[in-house]
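Shown below: entry_1.txt, with compact mmCIF, C-alpha atoms and all ligand atoms.
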# COMPACT_ATOMS: atom_id res chain seq x y z
CA MET A 1 -18.70 57.22 124.26
CA GLU A 2 -21.23 54.56 123.43
CA GLU A 3 -22.39 52.32 126.25
CA VAL A 4 -24.19 49.01 126.39
CA GLU A 5 -25.21 47.76 129.79
CA ARG A 6 -24.30 44.22 130.69
CA GLY A 7 -26.76 41.72 129.32
CA ASN A 8 -29.58 44.17 128.70
CA ASN A 9 -30.34 43.38 125.11
CA GLY A 10 -32.13 40.15 125.72
CA ASN A 11 -30.26 37.99 123.23
CA GLY A 12 -28.78 35.71 125.86
CA ASN A 13 -25.22 36.89 126.17
CA GLY A 14 -25.20 40.64 125.85
CA ALA A 15 -23.98 40.85 122.26
CA SER A 16 -25.23 43.98 120.56
CA SER A 17 -27.87 43.43 117.93
CA LYS A 18 -25.68 45.57 115.62
CA GLY A 19 -23.02 42.86 115.28
CA VAL A 20 -19.59 43.47 113.84
CA SER A 21 -19.04 46.29 111.37
CA GLY A 22 -16.27 44.53 109.46
CA LYS A 23 -13.73 47.17 110.49
CA GLY A 24 -12.39 45.01 113.29
CA ILE A 25 -12.91 44.38 116.98
CA SER A 26 -10.91 44.34 120.15
CA ILE A 27 -11.35 41.69 122.82
CA ASP A 28 -10.51 42.29 126.48
CA LEU A 29 -10.54 38.76 127.85
CA GLY A 30 -10.37 39.50 131.57
CA THR A 31 -10.32 37.26 134.61
CA ALA A 32 -13.73 38.63 135.67
CA ASN A 33 -15.21 40.30 132.58
CA THR A 34 -14.91 39.92 128.84
CA LEU A 35 -15.58 42.92 126.61
CA VAL A 36 -15.72 43.17 122.85
CA TRP A 37 -15.45 46.59 121.23
CA ASP A 38 -16.18 47.15 117.55
CA VAL A 39 -14.12 49.83 115.80
CA GLN A 40 -17.27 51.37 114.34
CA HIS A 41 -20.12 50.29 116.61
CA GLY A 42 -18.45 50.52 120.03
CA MET A 43 -19.25 48.03 122.78
CA LEU A 44 -20.69 44.77 121.46
CA TYR A 45 -20.31 42.48 124.44
CA ASN A 46 -19.75 42.91 128.18
CA GLN A 47 -20.27 39.81 130.32
CA PRO A 48 -18.60 37.80 133.08
CA THR A 49 -15.85 35.47 131.86
CA MET A 50 -17.74 32.35 132.88
CA MET A 51 -19.20 29.34 131.21
CA ALA A 52 -21.62 26.69 132.47
CA LEU A 53 -20.75 23.25 131.15
CA SER A 54 -22.42 19.90 131.54
CA PHE A 55 -20.12 17.37 133.13
CA ASN A 56 -20.38 13.88 131.77
CA GLY A 57 -18.27 10.90 132.88
CA GLY A 58 -15.48 13.20 134.12
CA ARG A 59 -15.46 15.26 130.91
CA HIS A 60 -17.10 18.56 130.01
CA SER A 61 -19.54 18.20 127.17
CA ASP A 62 -22.19 20.78 126.25
CA VAL A 63 -22.06 24.53 126.84
CA LEU A 64 -25.18 25.37 128.87
CA GLY A 65 -24.60 29.07 129.33
CA VAL A 66 -22.03 31.82 128.81
CA GLY A 67 -21.49 35.07 130.70
CA GLU A 68 -24.36 36.20 132.91
CA SER A 69 -26.42 33.08 132.31
CA ALA A 70 -23.47 31.04 133.65
CA GLU A 71 -22.87 33.44 136.56
CA GLU A 72 -26.49 32.96 137.70
CA LEU A 73 -25.65 29.31 138.35
CA VAL A 74 -22.68 30.01 140.63
CA GLY A 75 -23.38 28.30 143.97
CA ARG A 76 -26.62 26.76 142.71
CA SER A 77 -25.64 24.59 139.75
CA PRO A 78 -27.42 21.23 139.64
CA ASP A 79 -25.57 17.90 139.61
CA GLY A 80 -23.69 17.36 136.38
CA VAL A 81 -23.29 21.10 135.72
CA GLU A 82 -20.15 23.07 136.47
CA VAL A 83 -19.52 26.81 136.16
CA VAL A 84 -15.94 27.42 135.06
CA ARG A 85 -13.76 30.52 134.73
CA PRO A 86 -11.26 30.08 131.89
CA LEU A 87 -8.81 32.58 133.44
CA ARG A 88 -7.19 32.90 136.86
CA ASP A 89 -4.93 35.77 137.81
CA GLY A 90 -5.20 37.11 134.27
CA VAL A 91 -3.81 33.90 132.81
CA ILE A 92 -5.55 31.17 130.80
CA THR A 93 -5.87 28.14 133.07
CA ASP A 94 -7.72 25.91 130.66
CA LEU A 95 -7.03 26.33 126.96
CA GLU A 96 -9.93 24.16 125.83
CA THR A 97 -12.44 26.12 127.93
CA THR A 98 -11.01 29.42 126.68
CA ARG A 99 -11.36 28.26 123.09
CA ARG A 100 -14.96 27.30 123.66
CA PHE A 101 -15.66 30.56 125.46
CA LEU A 102 -14.23 32.63 122.59
CA ARG A 103 -16.05 30.49 120.03
CA GLU A 104 -19.39 31.05 121.79
CA ILE A 105 -18.95 34.83 121.96
CA LEU A 106 -17.72 35.18 118.40
CA ALA A 107 -20.45 32.95 117.03
CA ASP A 108 -22.98 35.48 118.36
CA ILE A 109 -21.15 38.60 117.28
CA ALA A 110 -19.97 37.34 113.90
CA PRO A 111 -22.26 34.38 113.15
CA THR A 112 -20.83 33.32 109.79
CA TRP A 113 -17.46 31.71 109.21
CA LEU A 114 -16.67 34.29 106.50
CA GLN A 115 -17.38 37.21 108.88
CA ARG A 116 -14.97 35.75 111.43
CA ARG A 117 -12.37 34.95 108.80
CA ARG A 118 -12.41 38.56 107.60
CA LEU A 119 -12.19 40.02 111.09
CA SER A 120 -9.10 41.85 112.26
CA VAL A 121 -8.87 41.52 116.00
CA VAL A 122 -6.83 43.05 118.78
CA ILE A 123 -6.66 40.90 121.88
CA GLY A 124 -5.39 42.50 125.07
CA VAL A 125 -2.72 40.51 126.89
CA PRO A 126 -1.05 41.23 130.22
CA ALA A 127 2.27 43.02 129.67
CA GLY A 128 3.83 40.15 131.59
CA ALA A 129 2.25 37.35 129.53
CA THR A 130 4.72 34.59 128.73
CA ALA A 131 5.36 33.31 125.20
CA LEU A 132 3.36 30.21 126.11
CA GLU A 133 0.38 32.26 127.28
CA ARG A 134 0.49 34.42 124.16
CA ARG A 135 0.60 31.36 121.95
CA ALA A 136 -2.35 29.85 123.81
CA LEU A 137 -4.40 32.97 123.10
CA LEU A 138 -3.46 33.02 119.44
CA GLU A 139 -4.40 29.36 119.14
CA ALA A 140 -7.74 30.02 120.84
CA ALA A 141 -8.39 32.93 118.44
CA GLU A 142 -7.46 30.87 115.42
CA GLU A 143 -9.65 28.00 116.56
CA ALA A 144 -12.54 30.45 116.95
CA GLY A 145 -12.10 31.28 113.26
CA ILE A 146 -10.51 34.71 113.59
CA GLY A 147 -8.64 35.79 110.48
CA ARG A 148 -5.94 38.05 111.92
CA ALA A 149 -5.16 38.56 115.61
CA HIS A 150 -2.83 41.14 117.15
CA LEU A 151 -1.84 40.83 120.79
CA LEU A 152 -1.35 44.19 122.50
CA PRO A 153 -0.36 44.87 126.11
CA GLU A 154 -3.50 45.63 128.14
CA PRO A 155 -2.01 48.61 130.01
CA VAL A 156 -1.09 50.24 126.68
CA CYS A 157 -4.62 49.62 125.33
CA GLY A 158 -6.05 51.07 128.56
CA ALA A 159 -4.00 54.25 128.17
CA VAL A 160 -4.90 54.56 124.47
CA GLY A 161 -8.55 54.20 125.55
CA CYS A 162 -7.93 57.24 127.77
CA GLY A 163 -6.65 59.25 124.80
CA VAL A 164 -2.87 58.69 125.07
CA ASP A 165 -0.78 58.52 121.89
CA PRO A 166 1.65 55.61 122.51
CA LEU A 167 3.88 56.62 119.59
CA ALA A 168 4.66 60.14 120.83
CA PRO A 169 8.16 60.58 122.29
CA ARG A 170 6.97 60.85 125.91
CA ALA A 171 6.87 58.31 128.72
CA HIS A 172 3.52 57.40 130.30
CA LEU A 173 2.78 55.25 133.33
CA VAL A 174 -0.43 53.27 133.58
CA VAL A 175 -1.81 51.13 136.39
CA ASP A 176 -4.42 48.49 135.43
CA ILE A 177 -6.06 46.84 138.44
CA GLY A 178 -8.35 44.09 137.24
CA ALA A 179 -9.83 41.11 139.06
CA GLY A 180 -6.94 38.66 138.81
CA THR A 181 -3.95 40.78 137.99
CA SER A 182 -2.53 44.23 138.61
CA GLU A 183 -0.11 45.62 136.12
CA VAL A 184 1.95 48.75 136.08
CA ALA A 185 3.64 49.61 132.79
CA ALA A 186 5.66 52.53 131.50
CA PHE A 187 5.70 53.02 127.76
CA GLY A 188 6.14 55.63 125.07
CA ALA A 189 7.72 56.28 121.67
CA GLY A 190 6.40 52.96 120.39
CA GLY A 191 7.65 50.63 123.09
CA VAL A 192 7.16 49.33 126.62
CA LEU A 193 9.94 50.72 128.85
CA THR A 194 9.29 48.61 131.92
CA PHE A 195 6.46 46.83 133.70
CA ARG A 196 5.54 45.00 136.88
CA SER A 197 2.75 42.44 137.26
CA SER A 198 1.20 41.04 140.39
CA PRO A 199 -1.48 38.36 140.75
CA VAL A 200 -3.03 40.52 143.44
CA ALA A 201 -6.04 42.61 142.39
CA GLY A 202 -9.84 42.74 142.83
CA ASP A 203 -10.29 39.00 143.56
CA GLU A 204 -7.62 39.25 146.25
CA MET A 205 -9.41 42.29 147.72
CA THR A 206 -12.57 40.18 147.94
CA SER A 207 -10.69 37.34 149.67
CA ALA A 208 -9.09 39.82 152.07
CA LEU A 209 -12.52 41.22 152.97
CA HIS A 210 -13.94 37.72 153.32
CA GLN A 211 -11.21 36.86 155.84
CA TYR A 212 -11.55 40.20 157.63
CA ILE A 213 -15.28 39.63 158.26
CA ARG A 214 -14.51 36.12 159.52
CA HIS A 215 -11.74 37.21 161.89
CA GLU A 216 -12.97 40.61 163.09
CA HIS A 217 -16.72 39.89 163.21
CA GLN A 218 -16.74 36.08 163.55
CA LEU A 219 -19.16 35.98 160.66
CA VAL A 220 -18.98 33.48 157.80
CA VAL A 221 -20.15 34.86 154.44
CA GLY A 222 -19.94 33.43 150.91
CA GLU A 223 -17.32 34.68 148.43
CA LEU A 224 -20.12 36.13 146.28
CA GLN A 225 -21.51 38.08 149.24
CA ALA A 226 -18.01 39.35 150.06
CA GLU A 227 -17.63 40.51 146.44
CA GLN A 228 -21.00 42.28 146.55
CA ALA A 229 -20.18 43.83 149.93
CA LYS A 230 -16.85 45.11 148.56
CA ILE A 231 -18.46 46.79 145.58
CA ARG A 232 -21.32 48.19 147.65
CA ALA A 233 -18.91 49.61 150.22
CA PHE A 234 -16.94 51.29 147.46
CA SER A 235 -19.93 52.59 145.48
CA ASP A 236 -22.36 53.60 148.21
CA PRO A 237 -21.40 56.67 150.26
CA SER A 238 -23.52 55.64 153.32
CA PRO A 239 -21.55 55.36 156.59
CA SER A 240 -22.10 51.64 157.07
CA MET A 241 -23.71 48.67 155.43
CA VAL A 242 -25.29 45.48 156.58
CA VAL A 243 -23.70 42.15 155.69
CA GLU A 244 -25.55 38.91 156.33
CA GLY A 245 -23.91 35.62 157.19
CA ARG A 246 -23.69 32.80 159.70
CA ASP A 247 -22.15 33.15 163.13
CA ALA A 248 -18.77 31.36 163.04
CA VAL A 249 -19.42 29.64 166.40
CA SER A 250 -23.18 29.04 166.66
CA GLY A 251 -23.85 28.74 162.93
CA LYS A 252 -26.94 30.94 163.36
CA ALA A 253 -27.87 33.63 160.84
CA ARG A 254 -26.58 37.03 161.92
CA VAL A 255 -25.83 40.45 160.43
CA VAL A 256 -22.97 42.92 161.01
CA ASN A 257 -22.56 46.58 160.16
CA LEU A 258 -19.43 47.22 158.14
CA SER A 259 -18.04 50.71 157.66
CA PRO A 260 -16.27 51.81 154.45
CA GLU A 261 -13.14 52.46 156.58
CA GLU A 262 -13.13 48.81 157.64
CA VAL A 263 -13.37 47.68 154.01
CA THR A 264 -10.50 49.98 153.05
CA GLU A 265 -8.46 48.59 155.97
CA ALA A 266 -9.29 45.01 154.96
CA VAL A 267 -7.92 45.52 151.43
CA ALA A 268 -4.92 47.66 152.47
CA SER A 269 -2.35 44.87 152.01
CA VAL A 270 -3.48 44.46 148.39
CA THR A 271 -3.18 48.19 147.77
CA ASP A 272 0.32 48.12 149.32
CA GLU A 273 1.42 45.44 146.90
CA ILE A 274 0.16 47.43 143.89
CA LEU A 275 2.01 50.51 145.16
CA ALA A 276 5.17 48.38 145.41
CA CYS A 277 4.79 47.58 141.69
CA LEU A 278 4.61 51.30 140.99
CA THR A 279 7.76 51.92 143.01
CA GLY A 280 9.55 49.15 141.09
CA CYS A 281 8.62 50.65 137.72
CA LEU A 282 9.66 54.17 138.70
CA ASP A 283 12.98 52.83 140.01
CA ASP A 284 13.66 51.21 136.61
CA LEU A 285 13.12 54.37 134.59
CA PRO A 286 15.68 56.96 133.47
CA PRO A 287 15.23 60.50 134.88
CA GLN A 288 13.71 61.96 131.69
CA ALA A 289 10.98 59.32 131.62
CA VAL A 290 10.26 59.90 135.33
CA SER A 291 10.04 63.61 134.66
CA ASP A 292 7.46 63.01 131.86
CA ILE A 293 5.39 60.90 134.24
CA MET A 294 5.62 63.42 137.09
CA THR A 295 4.38 66.10 134.69
CA GLU A 296 1.54 64.06 133.22
CA GLY A 297 0.44 61.93 136.19
CA VAL A 298 -0.33 58.21 136.50
CA ILE A 299 -3.18 56.83 134.36
CA ILE A 300 -5.38 54.42 136.30
CA VAL A 301 -7.73 51.85 134.71
CA GLY A 302 -9.36 48.51 135.62
CA GLY A 303 -12.43 47.78 137.76
CA ALA A 304 -10.63 47.35 141.07
CA SER A 305 -9.13 50.84 140.72
CA LEU A 306 -12.56 52.02 141.87
CA SER A 307 -11.54 51.10 145.41
CA PRO A 308 -11.83 54.37 147.29
CA GLY A 309 -8.66 55.88 148.57
CA PHE A 310 -6.45 54.23 145.95
CA HIS A 311 -5.92 57.39 143.94
CA LYS A 312 -5.10 59.38 147.04
CA ARG A 313 -2.60 56.77 148.17
CA VAL A 314 -0.83 57.02 144.79
CA GLU A 315 -0.71 60.79 145.08
CA ASP A 316 0.51 60.73 148.71
CA ALA A 317 3.14 58.04 148.08
CA PHE A 318 4.66 59.44 144.88
CA GLY A 319 3.70 63.12 144.81
CA VAL A 320 2.26 62.60 141.34
CA ALA A 321 -1.27 63.25 140.08
CA ALA A 322 -3.49 60.16 139.78
CA LEU A 323 -5.55 60.26 136.58
CA PRO A 324 -8.49 57.88 137.07
CA ALA A 325 -10.27 56.76 133.91
CA ASP A 326 -13.94 57.71 133.89
CA GLU A 327 -14.93 54.27 132.53
CA PRO A 328 -12.17 52.13 134.04
CA LEU A 329 -13.71 48.76 133.15
CA SER A 330 -14.00 49.39 129.40
CA ARG A 331 -10.91 51.47 128.54
CA VAL A 332 -8.76 48.45 127.60
CA ALA A 333 -11.36 47.23 125.09
CA GLU A 334 -11.97 50.69 123.67
CA GLY A 335 -8.24 51.43 123.43
CA GLY A 336 -7.60 48.10 121.69
CA ALA A 337 -10.14 49.04 119.02
CA ARG A 338 -8.50 52.44 118.54
CA CYS A 339 -5.11 50.75 118.10
CA LEU A 340 -6.61 48.60 115.36
CA SER A 341 -7.16 51.71 113.26
CA ASN A 342 -3.49 52.67 113.48
CA PRO A 343 -1.06 50.27 111.73
CA ASP A 344 1.95 52.05 113.28
CA ILE A 345 0.71 51.28 116.79
CA LEU A 346 0.05 47.69 115.79
CA SER A 347 3.52 47.15 114.40
CA ALA A 348 5.16 48.90 117.37
CA TYR A 349 3.33 47.07 120.16
CA ASP A 350 2.11 43.76 118.68
CA ALA A 351 3.33 41.05 121.03
CA ALA A 352 2.06 38.13 118.90
N1 LIG B 401 -17.08 49.82 142.35
C1 LIG B 401 -16.10 48.95 142.50
N2 LIG B 401 -15.28 49.03 143.56
C2 LIG B 401 -14.26 48.15 143.71
N3 LIG B 401 -13.99 47.13 142.89
C3 LIG B 401 -14.78 47.02 141.82
C4 LIG B 401 -15.86 47.90 141.55
N4 LIG B 401 -16.45 47.52 140.39
C5 LIG B 401 -15.76 46.42 139.96
N5 LIG B 401 -14.78 46.13 140.82
C6 LIG B 401 -13.83 45.03 140.74
O1 LIG B 401 -13.16 45.12 139.52
C7 LIG B 401 -12.73 43.80 139.13
C8 LIG B 401 -13.07 43.59 137.68
O2 LIG B 401 -12.37 44.57 136.93
P1 LIG B 401 -11.97 44.31 135.42
O3 LIG B 401 -13.19 43.98 134.63
O4 LIG B 401 -11.15 45.47 135.00
O5 LIG B 401 -11.08 43.00 135.60
P2 LIG B 401 -10.67 41.94 134.47
O6 LIG B 401 -10.19 42.70 133.28
O7 LIG B 401 -11.77 40.98 134.25
O8 LIG B 401 -9.48 41.18 135.19
P3 LIG B 401 -7.92 41.05 134.81
O9 LIG B 401 -7.54 42.30 134.06
O10 LIG B 401 -7.24 40.94 136.11
O11 LIG B 401 -7.80 39.80 134.00
C9 LIG B 401 -13.44 42.82 140.05
O12 LIG B 401 -12.53 42.33 141.01
C10 LIG B 401 -14.51 43.67 140.72
O13 LIG B 401 -14.78 43.23 142.03
MG MG B 402 -8.38 43.50 132.67

Can you give me the file's structure in the form of C-alpha cells?
Amino acid sequence: MEEVERGNNGNGNGASSKGVSGKGISIDLGTANTLVWDVQHGMLYNQPTMMALSFNGGRHSDVLGVGESAEELVGRSPDGVEVVRPLRDGVITDLETTRRFLREILADIAPTWLQRRRLSVVIGVPAGATALERRALLEAAEEAGIGRAHLLPEPVCGAVGCGVDPLAPRAHLVVDIGAGTSEVAAFGAGGVLTFRSSPVAGDEMTSALHQYIRHEHQLVVGELQAEQAKIRAFSDPSPSMVVEGRDAVSGKARVVNLSPEEVTEAVASVTDEILACLTGCLDDLPPQAVSDIMTEGVIIVGGASLSPGFHKRVEDAFGVAALPADEPLSRVAEGGARCLSNPDILSAYDAA
C-alpha cells in the first residue's frame, strides 16, 4: 500500500505532487484528520481537520492556514486569528467552515475548475448521519466544485479498505473508533443490517486522561499535552512516561510519572461505552448473521482503536476474534476509493 507521511511534501498542506488521476478520489473528512485517496495514485492528502481564519469585526474572513499549518497555531494564535475545527463528534458543526475547508483542499489537489467538475468522489459519512448532515456534506462538496459525490458509510468503507467484499452474502461487523465518534456497524449482501453510534471516541479518551491526571496526580496539563501523553503511552512500550504540568494547588511546574496501566484505566469508561455499542449491534442481528461474525471476527479501524488492550477486551467480552487493521487511520479513505471502482457497491450503499 502506498503511503505519504503527513505534511512531508513541502507544498503547504500535504497534498501529493502527483495530484488527482482523473479516476476519482475518496475523502475521509474526520473530526481529527482528513484524508484524500486517489483511485490510481493512493494517498494524496493527510492532515488535521483544522483551519486558521482571520477574525474581523466578529466575522471570519481570510483563510490563513489549513491542516498542519493551522494546528501549529493551536494555543498560540495571535489576536484576530482563530483556529477552528469544522467537525465535532463526527458531525459538521459549521457548514460554512466545512465548505471553505473542502474548497482549500480540493483547490490544491485538483487546481482547475474542470478537474474538479470531472471528479467522481466518495465521501465517507457516519452510518448514523442524519439526512440534514448528509445534505450539508453534499452541499459542501457541490460548493467546492465536485462533479459527482457519493456518500458511503464510513464503517463499510473501512471494512472494504481491509479487503472485505460488502456485496457477498455474509454478515460482517466493523468497529470504527475515530476522534469524535465511535461506530459499530453490521453489513453484508449490499446493505447495512444494523449500527450503533456514540459520540465517545479518541477525543473523549483524551479528556478522560486529562481529568485523571488532574484528580489522581493534582497536576494541570493542557489538552494538547494530554493528547500527546495518550498517544505516547499507547505507542511507547516503556513502563512509565513523564508528563509535565502545573501543580493544581501551588501552580508551580511539576512532572509526574504515568504508567500505561494508568492510562488504560483512565480511558476505561470510554472503552466500556464502545463495547456497549457492540453488544447492541449483536443483539439486533439474526442468528445466521451472528454466526458469520463469530466465524470471521470483528474488523477494527480508526485511530483510537490503537488504544492498547481494546482488542483483547473485545475478544474477552464476546469470545470473537478481533481483527485490527494494520493501517487503521487510512482504511476508510482507501476503502472509499476502492468502492468508487465498483458501481454495484456504489448503488447498494450510496446514502446520498
Ligand atoms: N497510537 C494511538 N493510540 C491511541 N489513539 C490514537 C493513536 N493514534 C491516533 N490516535 C487517536 O485517533 C484519533 C484519530 O483517529 P481518526 O483519524 O481515525 O479519527 P477521525 O476519522 O478524524 O475522527 P471521526 O471518525 O471520529 O470523525 C485521535 O483521537 C487520536 O488521538
Ligand atoms: Mg473517521

Site check for ligand LIG 401 (chain B): residues at most 9 Å away, all atoms listed in the file, as a PDB file with C-alpha atoms, in the coordinates of the input:
ATOM      1  CA  ASP A  28     -10.510  42.290 126.480  1.00  0.00           C
ATOM      2  CA  LEU A  29     -10.540  38.760 127.850  1.00  0.00           C
ATOM      3  CA  GLY A  30     -10.370  39.500 131.570  1.00  0.00           C
ATOM      4  CA  THR A  31     -10.320  37.260 134.610  1.00  0.00           C
ATOM      5  CA  ALA A  32     -13.730  38.630 135.670  1.00  0.00           C
ATOM      6  CA  ASN A  33     -15.210  40.300 132.580  1.00  0.00           C
ATOM      7  CA  THR A  34     -14.910  39.920 128.840  1.00  0.00           C
ATOM      8  CA  LEU A  35     -15.580  42.920 126.610  1.00  0.00           C
ATOM      9  CA  PRO A  48     -18.600  37.800 133.080  1.00  0.00           C
ATOM     10  CA  THR A  49     -15.850  35.470 131.860  1.00  0.00           C
ATOM     11  CA  LEU A  87      -8.810  32.580 133.440  1.00  0.00           C
ATOM     12  CA  ARG A  88      -7.190  32.900 136.860  1.00  0.00           C
ATOM     13  CA  ASP A  89      -4.930  35.770 137.810  1.00  0.00           C
ATOM     14  CA  GLY A  90      -5.200  37.110 134.270  1.00  0.00           C
ATOM     15  CA  VAL A  91      -3.810  33.900 132.810  1.00  0.00           C
ATOM     16  CA  VAL A 125      -2.720  40.510 126.890  1.00  0.00           C
ATOM     17  CA  PRO A 126      -1.050  41.230 130.220  1.00  0.00           C
ATOM     18  CA  GLU A 154      -3.500  45.630 128.140  1.00  0.00           C
ATOM     19  CA  ASP A 176      -4.420  48.490 135.430  1.00  0.00           C
ATOM     20  CA  ILE A 177      -6.060  46.840 138.440  1.00  0.00           C
ATOM     21  CA  GLY A 178      -8.350  44.090 137.240  1.00  0.00           C
ATOM     22  CA  ALA A 179      -9.830  41.110 139.060  1.00  0.00           C
ATOM     23  CA  GLY A 180      -6.940  38.660 138.810  1.00  0.00           C
ATOM     24  CA  THR A 181      -3.950  40.780 137.990  1.00  0.00           C
ATOM     25  CA  SER A 182      -2.530  44.230 138.610  1.00  0.00           C
ATOM     26  CA  GLU A 183      -0.110  45.620 136.120  1.00  0.00           C
ATOM     27  CA  PRO A 199      -1.480  38.360 140.750  1.00  0.00           C
ATOM     28  CA  VAL A 200      -3.030  40.520 143.440  1.00  0.00           C
ATOM     29  CA  ALA A 201      -6.040  42.610 142.390  1.00  0.00           C
ATOM     30  CA  GLY A 202      -9.840  42.740 142.830  1.00  0.00           C
ATOM     31  CA  ASP A 203     -10.290  39.000 143.560  1.00  0.00           C
ATOM     32  CA  GLU A 204      -7.620  39.250 146.250  1.00  0.00           C
ATOM     33  CA  MET A 205      -9.410  42.290 147.720  1.00  0.00           C
ATOM     34  CA  THR A 206     -12.570  40.180 147.940  1.00  0.00           C
ATOM     35  CA  GLU A 227     -17.630  40.510 146.440  1.00  0.00           C
ATOM     36  CA  GLN A 228     -21.000  42.280 146.550  1.00  0.00           C
ATOM     37  CA  LYS A 230     -16.850  45.110 148.560  1.00  0.00           C
ATOM     38  CA  ILE A 231     -18.460  46.790 145.580  1.00  0.00           C
ATOM     39  CA  ARG A 232     -21.320  48.190 147.650  1.00  0.00           C
ATOM     40  CA  ALA A 233     -18.910  49.610 150.220  1.00  0.00           C
ATOM     41  CA  PHE A 234     -16.940  51.290 147.460  1.00  0.00           C
ATOM     42  CA  SER A 235     -19.930  52.590 145.480  1.00  0.00           C
ATOM     43  CA  ASP A 236     -22.360  53.600 148.210  1.00  0.00           C
ATOM     44  CA  VAL A 301      -7.730  51.850 134.710  1.00  0.00           C
ATOM     45  CA  GLY A 302      -9.360  48.510 135.620  1.00  0.00           C
ATOM     46  CA  GLY A 303     -12.430  47.780 137.760  1.00  0.00           C
ATOM     47  CA  ALA A 304     -10.630  47.350 141.070  1.00  0.00           C
ATOM     48  CA  SER A 305      -9.130  50.840 140.720  1.00  0.00           C
ATOM     49  CA  LEU A 306     -12.560  52.020 141.870  1.00  0.00           C
ATOM     50  CA  SER A 307     -11.540  51.100 145.410  1.00  0.00           C
ATOM     51  CA  PRO A 308     -11.830  54.370 147.290  1.00  0.00           C
ATOM     52  CA  PRO A 328     -12.170  52.130 134.040  1.00  0.00           C
ATOM     53  CA  LEU A 329     -13.710  48.760 133.150  1.00  0.00           C
ATOM     54  CA  SER A 330     -14.000  49.390 129.400  1.00  0.00           C
ATOM     55  CA  ARG A 331     -10.910  51.470 128.540  1.00  0.00           C
ATOM     56  CA  VAL A 332      -8.760  48.450 127.600  1.00  0.00           C
TER      57      VAL A 332
END

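Candidate residues A:Leu106, A:Ala322, A:Val81, A:Ile27 were compared for distance to ligand MG 402 (chain B), and the nearest is A:Ile27, using only C-alpha atoms and all ligand atoms.
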
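Around the point (-18.2, 33.9, 125.3), within 8 Å and counting only C-alpha atoms, we find these residues: Asn13, Thr34, Thr49, Met50, Met51, Val66, Gly67, Arg100, Phe101, Leu102, Arg103, Glu104, Ile105 and Leu106 of chain A.
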
Report, in Å with one decimal, the straight-line distance from CA of Ala337 in chain A to CA of Ile25 in chain A. 5.8 Å

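What separates CA of Ala144 in chain A from CA of Leu44 in chain A is a distance of 17.1 Å.
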
Between A:Leu340, A:Ala52, A:Ala127, A:Ala321, which one has atoms that come closest to ligand MG 402 (chain B), using only C-alpha atoms and all ligand atoms? A:Ala127

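CA of Ser259 in chain A is found 27.2 Å from CA of Val74 in chain A.
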
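Proximity of A:Ala149, A:Val242, A:Val175, A:Leu53 to ligand MG 402 (chain B), computed with all atoms listed in the file, is greatest for A:Val175.
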
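Neighbours of Gly309 in chain A closer than or equal to 10 Å, with all atoms listed in the file counted and sequence neighbours fewer than 6 positions away skipped, come out as Phe234, Glu261, Thr264, Ala268, Thr271 and Glu315 of chain A.
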
Excluding Arg338 in chain A and any residue of its chain fewer than 2 positions from it, enumerate the residues within 12 Å of it, using only C-alpha atoms, and give them as a PyMOL selection string. chain A and resi 23-27+37-42+121-122+152+156-166+331-336+340-346

Kindly compute an axis-aligned box around the listed atoms of range 158-168 of chain A, allowing 3 Å on each side, and express its centre and edge lengths in Å to one decimal as lines of an AutoDock Vina configuration file.
center_x = -1.9
center_y = 55.6
center_z = 124.1
size_x = 19.2
size_y = 15.1
size_z = 15.0

Could you give me, as a PyMOL selection string, the residues within 7 Å of Val243 in chain A, counting all atoms listed in the file and dropping anything in the same chain fewer than 5 positions from it? chain A and resi 229+255-257

When distances are computed from only C-alpha atoms, which of A:Arg148, A:Ala248, A:Leu137, A:Ser69 shows the smallest separation from His215 in chain A? A:Ala248
